[in-house]
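Heads up, the thing below is written out as structure tokens.
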Amino acid sequence: MTHVEDELRSQPECWQRAAALAPEHRTALPAPGERVAIVGCGTSYFMAQAVAALRETAGAGETDAFAASEFPAGRRYDRIVALTRSGTTTEVLDLLRRVRGTTRTTAVTADPHTPVTTAADETVVLDFADERSVVQTRFATTALTLLRAHLGLHPDTAVADARTALAADLPQGLVGCGQFTFLGRGWTVGLANEAALKMREASLSWTEAYPAMEYRHGPISITTAGRATWMFGEAPEGLADQVRATGGLWIPGDLDPLAELVRAQRLAVAVAAARDLNPDTPRHLTRSVILAP
């Protein structure tokens, strides 16, 4: 079993621990009404997108998500939350140091012995969700679970659905598809983006991701037999029939959307195995991006 496969299978237990920890970190995480920016790189950026949409839709306060390298320098926030598994990513550290003393900052990380713990004002450590694999799975979803629980939006069904996602067979014919499109709405757009990234990293697949309604505005033209379209959450009316009419494989999101991401992680590993690839050593990637000065 690869590291990434072992780690993705531990997610139900990690989510339970994160949800239980949320009250303990209440003061380190955004308070209701705060204007918040959530930043990250790669997978962490897509988790930031999901959290930002969840928080704002819940009425907890204006919330934006940025790739750490693209944070708008002139914009003011009450708090910046940085998601960083390694705690060493150059762009995240540069941003935290740049705003030190002007904006309150919180880092959510997996390693308490990295530079981010001194660059941020406050730190939440999820060391039980750290990973050996380059490809992120459980840290990302555990950080999202922590923030989801902090918002009071972690449903009782999420962990059970994750276990279902791990136990159930993948849909017939899915692993053999030559192209994968992931769709989301609201907070699940970030999850769709992350699912596509997992497929690229682990299996070198041709993958795309879109807001579900935007998919109709051009991207559906690539869908045909031997290609799959996977919905995270409830699909817009009529979309499933449109996809099926192209000859493409439609995968509905019947589980909690975060559990659907677990299924997509499993797909990435399965496609990698079918192509004789090692998902623990993705091409051209390292565990943390540290830029030379």
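Just so we're on the same page: first chain in the structure tokens is A, next is B, and so on; residues restart at 1 for each chain, and ligands are numbered from 1 in the order they show up.
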Requested in this report: Would you kindly return, as a count of residues only, each protein, DNA or RNA residue with an atom no farther than 7 Å from any atom of region 200-213 of chain A, considering only C-alpha atoms and excluding same-chain residues fewer than 2 positions away?
Outcome: 23
Report task. Go through region 46-164 of chain A and collect every residue that DSSP, computed from the backbone, puts in strand (DSSP E); the answer should be as number ranges by chain. Result -> A: 63-67, 79-84, 104-109, 122-125
Keeping N, CA, C and O atoms, export the residues of the selection given above as a short mmCIF file (atom, residue, chain, number, x, y, z; two decimals), in the first residue's frame.
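Dumped everything to selection_12.cif:
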```
data_model
loop_
_atom_site.label_atom_id
_atom_site.label_comp_id
_atom_site.auth_asym_id
_atom_site.auth_seq_id
_atom_site.Cartn_x
_atom_site.Cartn_y
_atom_site.Cartn_z
N THR A 63 -15.59 36.88 3.66
CA THR A 63 -14.45 35.98 3.63
C THR A 63 -13.98 35.78 2.20
O THR A 63 -14.77 35.45 1.32
N ASP A 64 -12.68 35.97 1.99
CA ASP A 64 -12.08 35.79 0.67
C ASP A 64 -11.01 34.71 0.74
O ASP A 64 -10.43 34.46 1.79
N ALA A 65 -10.74 34.09 -0.40
CA ALA A 65 -9.68 33.10 -0.51
C ALA A 65 -8.69 33.54 -1.58
O ALA A 65 -9.10 34.03 -2.64
N PHE A 66 -7.41 33.38 -1.29
CA PHE A 66 -6.37 33.76 -2.24
C PHE A 66 -5.26 32.70 -2.24
O PHE A 66 -4.94 32.13 -1.20
N ALA A 67 -4.66 32.51 -3.41
CA ALA A 67 -3.34 31.89 -3.43
C ALA A 67 -2.42 32.85 -2.69
O ALA A 67 -2.50 34.07 -2.88
N ARG A 79 -8.39 39.43 10.00
CA ARG A 79 -7.57 38.24 10.24
C ARG A 79 -7.24 37.56 8.92
O ARG A 79 -8.07 37.51 8.01
N ILE A 80 -6.03 37.02 8.85
CA ILE A 80 -5.62 36.16 7.75
C ILE A 80 -5.38 34.77 8.32
O ILE A 80 -4.66 34.62 9.32
N VAL A 81 -6.00 33.77 7.72
CA VAL A 81 -5.78 32.37 8.10
C VAL A 81 -4.96 31.72 7.00
O VAL A 81 -5.38 31.73 5.83
N ALA A 82 -3.83 31.17 7.34
CA ALA A 82 -2.96 30.49 6.38
C ALA A 82 -3.03 28.99 6.59
O ALA A 82 -2.81 28.51 7.71
N LEU A 83 -3.32 28.25 5.55
CA LEU A 83 -3.33 26.80 5.59
C LEU A 83 -2.03 26.31 4.96
O LEU A 83 -1.74 26.61 3.79
N THR A 84 -1.22 25.57 5.70
CA THR A 84 0.05 25.09 5.19
C THR A 84 0.46 23.81 5.89
O THR A 84 0.78 23.83 7.09
N ARG A 104 -3.97 40.50 12.20
CA ARG A 104 -3.86 39.30 13.02
C ARG A 104 -3.81 38.08 12.11
O ARG A 104 -4.56 37.97 11.14
N THR A 105 -2.93 37.12 12.43
CA THR A 105 -2.77 35.95 11.57
C THR A 105 -2.84 34.66 12.37
O THR A 105 -2.42 34.59 13.52
N THR A 106 -3.39 33.64 11.72
CA THR A 106 -3.46 32.30 12.28
C THR A 106 -2.97 31.32 11.23
O THR A 106 -3.38 31.40 10.07
N ALA A 107 -2.10 30.42 11.62
CA ALA A 107 -1.64 29.35 10.73
C ALA A 107 -2.21 28.02 11.19
O ALA A 107 -2.19 27.71 12.38
N VAL A 108 -2.71 27.24 10.24
CA VAL A 108 -3.14 25.87 10.49
C VAL A 108 -2.13 24.98 9.77
O VAL A 108 -1.99 25.04 8.54
N THR A 109 -1.40 24.17 10.53
CA THR A 109 -0.29 23.41 9.98
C THR A 109 -0.24 22.01 10.59
O THR A 109 -0.94 21.72 11.57
N GLU A 122 -0.85 33.21 15.82
CA GLU A 122 -1.39 32.03 16.50
C GLU A 122 -1.28 30.83 15.57
O GLU A 122 -1.33 30.98 14.34
N THR A 123 -1.18 29.66 16.16
CA THR A 123 -0.99 28.44 15.36
C THR A 123 -1.92 27.34 15.86
O THR A 123 -2.06 27.15 17.07
N VAL A 124 -2.53 26.65 14.92
CA VAL A 124 -3.29 25.44 15.22
C VAL A 124 -2.54 24.28 14.56
O VAL A 124 -2.34 24.28 13.35
N VAL A 125 -2.12 23.32 15.37
CA VAL A 125 -1.31 22.20 14.86
C VAL A 125 -2.17 20.94 14.79
O VAL A 125 -2.73 20.50 15.80
#
```
Query raised in the report: Using only C-alpha atoms, which residues sit within 8 Å of region 45-55 of chain A once same-chain residues fewer than 5 positions away are excluded, as an NGL selection string?
Result: :A and (37-40 or 60-68 or 83 or 140-141 or 144 or 147-148 or 151 or 186-191 or 193-194)
How would the residues just picked look written out with C-alpha atoms as a PDB file, in the first residue's frame?
```
ATOM      1  CA  ALA A  37      -8.834  36.194   4.158  1.00  0.00           C
ATOM      2  CA  ILE A  38      -7.886  32.532   3.917  1.00  0.00           C
ATOM      3  CA  VAL A  39      -4.712  31.757   1.983  1.00  0.00           C
ATOM      4  CA  GLY A  40      -2.758  28.737   0.866  1.00  0.00           C
ATOM      5  CA  ALA A  60     -20.220  34.526   9.711  1.00  0.00           C
ATOM      6  CA  GLY A  61     -18.536  37.419   7.918  1.00  0.00           C
ATOM      7  CA  GLU A  62     -17.047  38.558   4.640  1.00  0.00           C
ATOM      8  CA  THR A  63     -14.446  35.978   3.634  1.00  0.00           C
ATOM      9  CA  ASP A  64     -12.083  35.790   0.671  1.00  0.00           C
ATOM     10  CA  ALA A  65      -9.676  33.098  -0.509  1.00  0.00           C
ATOM     11  CA  PHE A  66      -6.374  33.756  -2.239  1.00  0.00           C
ATOM     12  CA  ALA A  67      -3.342  31.890  -3.425  1.00  0.00           C
ATOM     13  CA  ALA A  68      -0.745  33.208  -0.980  1.00  0.00           C
ATOM     14  CA  LEU A  83      -3.327  26.795   5.590  1.00  0.00           C
ATOM     15  CA  ALA A 140      -6.286  19.122   3.687  1.00  0.00           C
ATOM     16  CA  THR A 141      -9.610  17.523   4.537  1.00  0.00           C
ATOM     17  CA  LEU A 144     -11.312  21.872   6.342  1.00  0.00           C
ATOM     18  CA  LEU A 147     -12.904  25.037  10.156  1.00  0.00           C
ATOM     19  CA  ARG A 148     -16.230  23.512   9.191  1.00  0.00           C
ATOM     20  CA  LEU A 151     -18.553  27.276  11.927  1.00  0.00           C
ATOM     21  CA  GLY A 186     -20.767  27.253  -3.725  1.00  0.00           C
ATOM     22  CA  TRP A 187     -18.257  25.756  -1.296  1.00  0.00           C
ATOM     23  CA  THR A 188     -17.891  22.587  -3.343  1.00  0.00           C
ATOM     24  CA  VAL A 189     -16.257  24.452  -6.238  1.00  0.00           C
ATOM     25  CA  GLY A 190     -13.065  24.359  -4.156  1.00  0.00           C
ATOM     26  CA  LEU A 191     -13.516  20.614  -3.663  1.00  0.00           C
ATOM     27  CA  ASN A 193     -10.747  22.061  -8.032  1.00  0.00           C
ATOM     28  CA  GLU A 194      -8.946  19.880  -5.500  1.00  0.00           C
TER      29      GLU A 194
END
```
Query raised in the report: Out of region 40-261 of chain A, which residues get helix (DSSP H, G or I) from DSSP, as a PyMOL selection string?
Result: chain A and resi 43-57+68-70+90-99+116-119+127-129+138-150+157-167+188-203+212-215+219-222+239-246+257-261
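Remark: for Ala168 (chain A), the closest of the candidate residues A:Val262, A:Ala274, A:Ala58, A:Ala143 is A:Val262 (distances computed over only C-alpha atoms).
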**Report entry** Shortest interatomic distance to Cys14 (chain A) - which of A:Asp127, A:Glu70, A:Asp121, A:Asp94, counting only C-alpha atoms
**Finding:** A:Asp127
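Pairwise distance (CA of Gln16 (chain A), CA of Gly233 (chain A)) equals 21.4 Å.
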Requested in this report: Mind checking which residues fall within 12 Å of Met1 (chain A), counting only C-alpha atoms, ignoring those fewer than 3 positions away in the same chain, and posting them as a PyMOL selection string?
Outcome: chain A and resi 4-9+133+269-270+273+278-280
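The space separating CA of Trp15 (chain A) from CA of Glu131 (chain A) comes to 14.6 Å.
Around Trp250 (chain A), within 9 Å and counting only C-alpha atoms, the residues found are Arg227, Ala228, Thr229, Trp230, Met231, Ala240, Asp241, Val243 and Arg244 of chain A, once anything fewer than 5 positions away on its own chain is removed.
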Suppose we keep N, CA, C and O atoms; can you now write the selection as a JSON list (two decimals), in the first residue's frame?
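Here's the written file result.json:
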```
[["chain", "number", "residue", "atom", "x", "y", "z"],
["A", 227, "ARG", "N", -15.35, 9.54, -21.27],
["A", 227, "ARG", "CA", -14.98, 10.66, -20.40],
["A", 227, "ARG", "C", -16.03, 10.79, -19.30],
["A", 227, "ARG", "O", -17.19, 10.43, -19.49],
["A", 228, "ALA", "N", -15.62, 11.30, -18.14],
["A", 228, "ALA", "CA", -16.50, 11.31, -16.97],
["A", 228, "ALA", "C", -16.70, 12.72, -16.44],
["A", 228, "ALA", "O", -15.77, 13.54, -16.47],
["A", 229, "THR", "N", -17.90, 12.98, -15.95],
["A", 229, "THR", "CA", -18.22, 14.24, -15.28],
["A", 229, "THR", "C", -18.77, 13.91, -13.90],
["A", 229, "THR", "O", -19.76, 13.18, -13.78],
["A", 230, "TRP", "N", -18.13, 14.47, -12.86],
["A", 230, "TRP", "CA", -18.42, 14.11, -11.46],
["A", 230, "TRP", "C", -18.91, 15.35, -10.75],
["A", 230, "TRP", "O", -18.23, 16.38, -10.72],
["A", 231, "MET", "N", -20.09, 15.27, -10.13],
["A", 231, "MET", "CA", -20.71, 16.40, -9.43],
["A", 231, "MET", "C", -20.46, 16.29, -7.93],
["A", 231, "MET", "O", -20.68, 15.24, -7.32],
["A", 240, "ALA", "N", -27.49, 16.42, -15.34],
["A", 240, "ALA", "CA", -27.16, 15.00, -15.49],
["A", 240, "ALA", "C", -27.63, 14.47, -16.83],
["A", 240, "ALA", "O", -26.89, 13.74, -17.52],
["A", 241, "ASP", "N", -28.85, 14.83, -17.24],
["A", 241, "ASP", "CA", -29.37, 14.37, -18.53],
["A", 241, "ASP", "C", -28.55, 14.92, -19.68],
["A", 241, "ASP", "O", -28.32, 14.23, -20.69],
["A", 243, "VAL", "N", -25.35, 15.63, -19.66],
["A", 243, "VAL", "CA", -24.09, 14.90, -19.72],
["A", 243, "VAL", "C", -24.32, 13.51, -20.32],
["A", 243, "VAL", "O", -23.56, 13.05, -21.20],
["A", 244, "ARG", "N", -25.34, 12.84, -19.88],
["A", 244, "ARG", "CA", -25.61, 11.50, -20.40],
["A", 244, "ARG", "C", -25.89, 11.54, -21.91],
["A", 244, "ARG", "O", -25.51, 10.62, -22.65]]
```
